[in-house]
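A.B. asks: Could you have a look at this structure, given as structure tokens, before my questions?
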Amino acid sequence: MTDFLSFLRGNPYPGRGIAVGHERVYYFIMGRSENSRNRVFEETEDGIRTRAFDESKMTDPSLVIYHPVRRTERGLIVTNGDQTDTIRDMGDFRAALMTRTFEPDAPNWTPRISAMLCGDGSFELSILKRSPDGRCVREFFAYEGCAPGEGRFLSTYRGDGNPLPSFAGEPMEIDLPEPEAVWDALDGANKVALYANVHGTVKLFNKLLGD
């Protein structure tokens, strides 16, 4: 099992990440460009959305403004893009993601990462990423649940680089510390926001709001 805080402290840019465990869900975003860093999380009726902190500095909202989290009758959806709405509207996690592909942001071709959490504690994770020949590789992982204090983690990138290297392999098996510790462990220059849902209680951390 990977020590999650040590992993985050040693990785300045995992990009966007989803951690899911026993009654605990985290989603964070990081940014290297001004456009990506100019964001905060805010709560909505069914989850959260991203919004520009300074609208005058937002140059392209297409891949940075979306609803990362939505609650539905089937469970909680968490993703790094507008595929959240695709999953909600279709009502089938796998079928919805079979209609989507990686993000069109060459040369990084950022993967789309997604999670679906059910009321019984089981959950699914998925990553849609670009193969070397340009095709979309869709990977799905289903878990019956996790022991208390444990979880699985999936991020868009393995670390910093140019172009950025996509996450590879099965979602990491991690311990799940408290939200404040996770926020503190994220790289101070690149972190943007963190959503934490612990036993149904939501807390948001936003760098630009001084959290």
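Identifiers in the structure tokens: chain A, B, ... in order shown; residue index from 1 per chain; ligand index from 1 in order shown.
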Could you list, as a PyMOL selection string, every residue within 8 Å of Gly81 in chain A, counting only C-alpha atoms and ignoring same-chain residues fewer than 6 positions away?
C.D. replies: chain A and resi 63-68+112
A.B. asks: Please report, as CSV, each residue of range 77-129 of chain A lying at most 7 Å from range 159-171 of chain A, together with the nearest pair of atoms and the separation in Å rounded to one decimal; use only C-alpha atoms, and order rows by chain and ascending residue number.
C.D. replies:
residue,atom,partner,partner_atom,distance
A:Pro107,CA,A:Pro163,CA,6.0
A:Asn108,CA,A:Pro163,CA,5.2
A:Pro111,CA,A:Ser166,CA,6.8
A.B. asks: Give me a file of those residues, with N, CA and C atoms, as a short mmCIF file (atom, residue, chain, number, x, y, z; two decimals), in the first residue's frame.
C.D. replies:
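Listing of selection_22.cif after writing:
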data_model
loop_
_atom_site.label_atom_id
_atom_site.label_comp_id
_atom_site.auth_asym_id
_atom_site.auth_seq_id
_atom_site.Cartn_x
_atom_site.Cartn_y
_atom_site.Cartn_z
N PRO A 107 -0.05 18.75 -26.86
CA PRO A 107 0.49 17.39 -26.99
C PRO A 107 0.25 16.51 -25.76
N ASN A 108 -0.48 17.02 -24.75
CA ASN A 108 -0.64 16.23 -23.52
C ASN A 108 -1.72 15.16 -23.63
N PRO A 111 -5.83 12.49 -20.04
CA PRO A 111 -6.83 11.45 -19.85
C PRO A 111 -8.07 11.98 -19.13
#
A.B. asks: Give me the residues near Asp3 in chain A as a list in words, where near means some atom within 8 Å (using only C-alpha atoms) and where sequence neighbours in that chain fewer than 4 positions away do not count.
C.D. replies: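 The neighbour list is Phe7, Ile174 and Asp175 of chain A.
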A.B. asks: Export, as a compact mmCIF listing (two decimals), in the first residue's frame, the selected residues with C-alpha atoms.
C.D. replies:
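Generated file (part34.txt):
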# COMPACT_ATOMS: atom_id res chain seq x y z
CA PHE A 7 3.39 10.17 -2.72
CA ILE A 174 -3.44 3.95 -0.72
CA ASP A 175 -4.17 4.92 2.85
A.B. asks: Can you list every residue in chain A that DSSP puts in alpha helix (DSSP H), as a ChimeraX atom specification?
C.D. replies: /A:4-9,34-37,83-90,93-97,179-185
A.B. asks: Could you write those residues out with N, CA and C atoms, as an mmCIF file, in the first residue's frame?
C.D. replies:
data_model
loop_
_atom_site.group_PDB
_atom_site.id
_atom_site.type_symbol
_atom_site.label_atom_id
_atom_site.label_comp_id
_atom_site.auth_asym_id
_atom_site.auth_seq_id
_atom_site.Cartn_x
_atom_site.Cartn_y
_atom_site.Cartn_z
ATOM 1 N N PHE A 4 -0.039 7.769 0.981
ATOM 2 C CA PHE A 4 -0.581 8.784 0.076
ATOM 3 C C PHE A 4 0.086 10.142 0.266
ATOM 4 N N LEU A 5 0.321 10.551 1.485
ATOM 5 C CA LEU A 5 0.922 11.855 1.727
ATOM 6 C C LEU A 5 2.355 11.910 1.201
ATOM 7 N N SER A 6 3.105 10.842 1.387
ATOM 8 C CA SER A 6 4.477 10.799 0.859
ATOM 9 C C SER A 6 4.468 10.850 -0.662
ATOM 10 N N PHE A 7 3.511 10.139 -1.261
ATOM 11 C CA PHE A 7 3.393 10.166 -2.721
ATOM 12 C C PHE A 7 3.119 11.578 -3.218
ATOM 13 N N LEU A 8 2.182 12.272 -2.595
ATOM 14 C CA LEU A 8 1.836 13.622 -3.039
ATOM 15 C C LEU A 8 2.992 14.590 -2.817
ATOM 16 N N ARG A 9 3.677 14.488 -1.693
ATOM 17 C CA ARG A 9 4.808 15.389 -1.418
ATOM 18 C C ARG A 9 5.943 15.184 -2.415
ATOM 19 N N GLU A 34 -1.901 29.966 -16.195
ATOM 20 C CA GLU A 34 -2.750 30.941 -15.508
ATOM 21 C C GLU A 34 -4.217 30.570 -15.650
ATOM 22 N N ASN A 35 -4.602 30.057 -16.831
ATOM 23 C CA ASN A 35 -5.990 29.677 -17.075
ATOM 24 C C ASN A 35 -6.433 28.560 -16.134
ATOM 25 N N SER A 36 -5.563 27.571 -15.916
ATOM 26 C CA SER A 36 -5.895 26.455 -15.037
ATOM 27 C C SER A 36 -5.886 26.857 -13.571
ATOM 28 N N ARG A 37 -4.978 27.736 -13.208
ATOM 29 C CA ARG A 37 -4.867 28.144 -11.806
ATOM 30 C C ARG A 37 -5.950 29.125 -11.385
ATOM 31 N N GLN A 83 -17.582 14.873 -18.731
ATOM 32 C CA GLN A 83 -18.146 13.517 -18.786
ATOM 33 C C GLN A 83 -18.996 13.219 -17.566
ATOM 34 N N THR A 84 -18.888 14.027 -16.513
ATOM 35 C CA THR A 84 -19.799 13.907 -15.369
ATOM 36 C C THR A 84 -21.244 13.941 -15.859
ATOM 37 N N ASP A 85 -21.532 14.884 -16.724
ATOM 38 C CA ASP A 85 -22.902 15.043 -17.219
ATOM 39 C C ASP A 85 -23.295 13.909 -18.156
ATOM 40 N N THR A 86 -22.336 13.390 -18.921
ATOM 41 C CA THR A 86 -22.621 12.255 -19.807
ATOM 42 C C THR A 86 -23.043 11.045 -18.981
ATOM 43 N N ILE A 87 -22.319 10.781 -17.900
ATOM 44 C CA ILE A 87 -22.643 9.645 -17.028
ATOM 45 C C ILE A 87 -24.005 9.845 -16.371
ATOM 46 N N ARG A 88 -24.242 11.055 -15.877
ATOM 47 C CA ARG A 88 -25.539 11.339 -15.243
ATOM 48 C C ARG A 88 -26.682 11.160 -16.232
ATOM 49 N N ASP A 89 -26.537 11.704 -17.439
ATOM 50 C CA ASP A 89 -27.632 11.693 -18.399
ATOM 51 C C ASP A 89 -27.912 10.291 -18.941
ATOM 52 N N MET A 90 -26.866 9.493 -19.142
ATOM 53 C CA MET A 90 -27.067 8.142 -19.675
ATOM 54 C C MET A 90 -27.432 7.137 -18.594
ATOM 55 N N PHE A 93 -22.521 3.974 -16.168
ATOM 56 C CA PHE A 93 -21.140 4.448 -16.093
ATOM 57 C C PHE A 93 -20.314 4.004 -17.297
ATOM 58 N N ARG A 94 -20.271 2.710 -17.551
ATOM 59 C CA ARG A 94 -19.439 2.194 -18.632
ATOM 60 C C ARG A 94 -19.960 2.622 -20.005
ATOM 61 N N ALA A 95 -21.265 2.491 -20.222
ATOM 62 C CA ALA A 95 -21.834 2.853 -21.523
ATOM 63 C C ALA A 95 -21.594 4.326 -21.833
ATOM 64 N N ALA A 96 -21.719 5.171 -20.814
ATOM 65 C CA ALA A 96 -21.496 6.602 -21.032
ATOM 66 C C ALA A 96 -20.064 6.881 -21.444
ATOM 67 N N LEU A 97 -19.114 6.253 -20.768
ATOM 68 C CA LEU A 97 -17.707 6.530 -21.059
ATOM 69 C C LEU A 97 -17.243 5.884 -22.364
ATOM 70 N N PRO A 179 -8.572 15.252 5.278
ATOM 71 C CA PRO A 179 -8.527 16.209 4.171
ATOM 72 C C PRO A 179 -7.468 17.288 4.329
ATOM 73 N N GLU A 180 -7.307 17.832 5.521
ATOM 74 C CA GLU A 180 -6.327 18.898 5.740
ATOM 75 C C GLU A 180 -4.913 18.431 5.423
ATOM 76 N N ALA A 181 -4.612 17.178 5.748
ATOM 77 C CA ALA A 181 -3.282 16.629 5.464
ATOM 78 C C ALA A 181 -3.073 16.466 3.961
ATOM 79 N N VAL A 182 -4.112 16.050 3.257
ATOM 80 C CA VAL A 182 -4.014 15.903 1.799
ATOM 81 C C VAL A 182 -3.781 17.267 1.156
ATOM 82 N N TRP A 183 -4.528 18.264 1.569
ATOM 83 C CA TRP A 183 -4.368 19.611 1.023
ATOM 84 C C TRP A 183 -2.959 20.137 1.269
ATOM 85 N N ASP A 184 -2.438 19.934 2.467
ATOM 86 C CA ASP A 184 -1.096 20.408 2.794
ATOM 87 C C ASP A 184 -0.019 19.673 2.003
ATOM 88 N N ALA A 185 -0.283 18.406 1.645
ATOM 89 C CA ALA A 185 0.723 17.611 0.935
ATOM 90 C C ALA A 185 0.811 17.949 -0.552
#
A.B. asks: Record the distance separating CA of Phe141 in chain A and CA of Met116 in chain A, expressed in Å with one decimal.
C.D. replies: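 Spanning CA of Phe141 in chain A to CA of Met116 in chain A is a straight-line distance of 10.5 Å.
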A.B. asks: What does the distance from CA of Pro14 in chain A to CA of Tyr27 in chain A come to in Å, to one decimal?
C.D. replies: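 For CA of Pro14 in chain A relative to CA of Tyr27 in chain A, the distance reads 12.0 Å.
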A.B. asks: List as an MDAnalysis selection string the protein and nucleic acid residues near range 129-132 of chain A, meaning an atom at most 6 Å away when only C-alpha atoms are counted, but skip any in the same chain fewer than 4 places from it.
C.D. replies: chainID A and resid 102 111 136:137
A.B. asks: Smallest atom-to-atom distance to Phe41 in chain A: which of A:Met172, A:Ala142, A:Leu208, A:Cys118, using only C-alpha atoms?
C.D. replies: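 Smallest distance to Phe41 in chain A is found for A:Leu208.
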A.B. asks: Taking only C-alpha atoms into account, which of A:Pro148, A:Gly134, A:Pro12, A:Pro104 comes nearest Ser62 in chain A?
C.D. replies: A:Pro104
A.B. asks: As a list of chain:residue names, please: every residue in range 144-186 of chain A that DSSP puts in strand (DSSP E).
C.D. replies: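 Written out, the strand (DSSP E) residues of range 144-186 of chain A are A:Glu150, A:Gly151, A:Arg152, A:Phe153, A:Leu154, A:Ser155, A:Met172, A:Glu173, A:Ile174, A:Asp175.
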A.B. asks: Write the residues you've just listed into a file as a PDB file, in the first residue's frame, and include C-alpha atoms for each of them.
C.D. replies:
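out.pdb written:
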ATOM      1  CA  GLU A 150      -7.889   2.489   2.749  1.00  0.00           C
ATOM      2  CA  GLY A 151      -8.713   3.494  -0.811  1.00  0.00           C
ATOM      3  CA  ARG A 152      -7.803   3.651  -4.463  1.00  0.00           C
ATOM      4  CA  PHE A 153      -6.281   6.598  -6.309  1.00  0.00           C
ATOM      5  CA  LEU A 154      -6.265   7.580  -9.985  1.00  0.00           C
ATOM      6  CA  SER A 155      -4.730  10.721 -11.505  1.00  0.00           C
ATOM      7  CA  MET A 172      -3.012   2.850  -6.643  1.00  0.00           C
ATOM      8  CA  GLU A 173      -3.877   1.218  -3.338  1.00  0.00           C
ATOM      9  CA  ILE A 174      -3.436   3.953  -0.715  1.00  0.00           C
ATOM     10  CA  ASP A 175      -4.173   4.917   2.848  1.00  0.00           C
TER      11      ASP A 175
END
A.B. asks: Residues within 9 Å of Glu42 in chain A, please, as a list in words. Count only C-alpha atoms; anything in the same chain fewer than 5 positions from it doesn't count.
C.D. replies: Gly47, Ile48, Arg49, Thr50, Arg51 and Leu204 of chain A
A.B. asks: Can you pull out every residue within 8 Å of Tyr143 in chain A, counting only C-alpha atoms, but drop anything in the same chain fewer than 4 positions away, and send it as JSON, numbers by chain?
C.D. replies: {"A": [122, 123, 124]}
A.B. asks: So how far away is CA of Thr59 in chain A from CA of Gly31 in chain A, in Å?
C.D. replies: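 Straight-line distance from CA of Gly31 in chain A to CA of Thr59 in chain A works out to 14.2 Å.
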A.B. asks: So, counting only C-alpha atoms, which residue among A:Thr110, A:Asn206, A:Ser56, A:Thr101 is closest to Val40 in chain A?
C.D. replies: A:Asn206
